[in-house]
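S.K.: Structure incoming, see below.
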Amino acid sequence: MLGSPISHSQSPALHQAAYDRLGLPWQYTAIEMQGGGLRAFIDGLDPAWRGLSLTMPLKQHVLPLLDDIDPIAGLAGAANTVLFDGEARRGFNTDVGGIVRTLQESGVPDVSRGLLLGGGATAASALIALSQLGASEVRVLVRRPGAAAALVELGRRLGILVDEGTVDELTVADGFDIVVSTVPGGADLGVEASARLISAAALLDVAYDPWPTPLAARWLEAGGNVVHGLGMLLHQALLQVRVFVNGDPNAQLDDEATVLAAMREALR
């Protein structure tokens, strides 16, 4: 796992639990890294390396270093997984599947109209996930006007209506059935979500450290439905394990249910 900051990551525990359960003598660790060091690091790896997981700020930095990327990573413009397949470096995006799977597991099997907070790489993955769950319209709230332009264009490619607003709209937002926050965990948006929004919409906050985030705390205090960010982490990690073991995020593991249970147990 490469990224910055990285000390809080629970990915090493998740992955190690999976490989131990599968009986594989693999090691998985976290390495602090900024974008400027990524090329030299990857170029210096020996054949013992099977792959990499990537978090902020590397999901976009890695794209020029790959030989091919899967369609989801291409759509999102971000890869969080690299598989070393012989001489080839293959990129994947398992964040999308992680969001879809955790929402479905949490009782949100489909959505109609979504509200998305943030405009970065994870927001693009969240937008694709909402599209896969059936959303026909998504409003993106950002701090800086124009910051969601790439997501509006992505919406056109996905065939759904995406428009932009500012985070101040949270105070009056209504008519959404899901809210997905992709802002950093410790960030305070400086505005309170409307009571009508909290009562009507589930909140998935992809951040999990610190928990609860200011936004999730507001939802919980008001008795709203909150989906913990650890769910996304768990399910995207399972899809990464599929990539590293089977070379395909869609190829299930042997006895996958027990592997997932071991990974879930490893969460703290």
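Every chain in the structure tokens takes a letter, A first, then B, and so on in the order presented; its residues are numbered from 1, and the ligands are numbered from 1 following the presented order.
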List the spatial neighbours of A:Leu233 as an MDAnalysis selection string - criterion: any atom at most 7 Å away, only C-alpha atoms, same-chain residues fewer than 4 positions off excluded.

M.R.: chainID A and resid 98 229 237

S.K.: With N, CA and C atoms retained, write the just-selected residues as a PDB file, in the first residue's frame.

M.R.:
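What follows is the written file result-v9.pdb:
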ATOM      1  N   GLY A  98     -16.122  -1.466  -4.547  1.00  0.00           N
ATOM      2  CA  GLY A  98     -16.193  -1.390  -3.097  1.00  0.00           C
ATOM      3  C   GLY A  98     -17.372  -0.566  -2.625  1.00  0.00           C
ATOM      4  N   GLY A 229     -17.391   4.084   6.459  1.00  0.00           N
ATOM      5  CA  GLY A 229     -16.386   4.025   5.408  1.00  0.00           C
ATOM      6  C   GLY A 229     -15.561   2.756   5.399  1.00  0.00           C
ATOM      7  N   ALA A 237     -10.896  -3.921  -0.884  1.00  0.00           N
ATOM      8  CA  ALA A 237      -9.734  -4.764  -0.599  1.00  0.00           C
ATOM      9  C   ALA A 237      -9.976  -6.201  -1.046  1.00  0.00           C
TER      10      ALA A 237
END

S.K.: Excluding same-chain residues fewer than 6 positions from A:Gln27, what lies within 10 Å of it counting only C-alpha atoms, as a ChimeraX atom specification?

M.R.: /A:12,15-16,19-20,49

S.K.: Which residues come within 8 Å of stretch 171-181 of chain A, counting only C-alpha atoms, excluding same-chain residues fewer than 4 positions away, as a VMD selection string?

M.R.: chain A and resid 111 to 118 126 191 to 194 196 to 197 200 to 207

S.K.: Can you tell me which residues surround A:Pro57 at a distance of at most 8 Å, considering only C-alpha atoms, apart from same-chain residues fewer than 4 positions away, and format the answer as a list in words?

M.R.: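 The contact residues come out as Gly3, Ser4, Gln34, Gly35 and His61 of chain A.
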
S.K.: Expressed in Å to a single decimal, how great is the separation between atom CA of A:Asp95 and atom CA of A:Leu151?

M.R.: 16.0 Å

S.K.: I'd like the contact shell of A:Ser11 - 12 Å cut-off, only C-alpha atoms, skipping same-chain residues fewer than 6 positions apart - returned as a PyMOL selection string.

M.R.: chain A and resi 1-3+17-18+27-31+52-55+208+230+232-238+240-241+263-264+266-268

S.K.: Hey, can you spit out that residue selection with C-alpha atoms as an mmCIF file, in the first residue's frame?

M.R.:
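And here's result_15.cif as it stands now:
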data_model
loop_
_atom_site.group_PDB
_atom_site.id
_atom_site.type_symbol
_atom_site.label_atom_id
_atom_site.label_comp_id
_atom_site.auth_asym_id
_atom_site.auth_seq_id
_atom_site.Cartn_x
_atom_site.Cartn_y
_atom_site.Cartn_z
ATOM 1 C CA MET A 1 0.000 0.000 0.000
ATOM 2 C CA LEU A 2 1.510 3.276 -1.167
ATOM 3 C CA GLY A 3 0.269 6.782 -0.376
ATOM 4 C CA ALA A 17 -5.799 -11.753 6.939
ATOM 5 C CA ALA A 18 -6.876 -12.754 3.428
ATOM 6 C CA GLN A 27 3.483 -10.111 2.749
ATOM 7 C CA TYR A 28 1.647 -6.799 2.475
ATOM 8 C CA THR A 29 2.804 -3.572 4.069
ATOM 9 C CA ALA A 30 2.256 0.199 3.984
ATOM 10 C CA ILE A 31 4.868 2.574 2.546
ATOM 11 C CA LEU A 52 0.496 -2.604 -5.332
ATOM 12 C CA SER A 53 -2.425 -0.858 -3.713
ATOM 13 C CA LEU A 54 -2.562 2.923 -4.107
ATOM 14 C CA THR A 55 -4.273 5.639 -2.131
ATOM 15 C CA TYR A 208 -12.945 6.029 8.276
ATOM 16 C CA LEU A 230 -14.753 0.795 6.578
ATOM 17 C CA MET A 232 -15.930 0.420 1.276
ATOM 18 C CA LEU A 233 -12.377 -0.299 2.443
ATOM 19 C CA LEU A 234 -13.260 -3.920 3.154
ATOM 20 C CA HIS A 235 -14.984 -4.616 -0.134
ATOM 21 C CA GLN A 236 -12.497 -2.814 -2.367
ATOM 22 C CA ALA A 237 -9.734 -4.764 -0.599
ATOM 23 C CA LEU A 238 -11.490 -8.062 -1.321
ATOM 24 C CA GLN A 240 -7.889 -6.282 -4.838
ATOM 25 C CA VAL A 241 -7.189 -9.711 -3.376
ATOM 26 C CA MET A 263 -10.871 -9.752 6.584
ATOM 27 C CA ARG A 264 -13.894 -8.326 8.387
ATOM 28 C CA ALA A 266 -9.251 -7.984 11.070
ATOM 29 C CA LEU A 267 -10.909 -4.539 11.048
ATOM 30 C CA ARG A 268 -10.475 -2.604 14.281
#
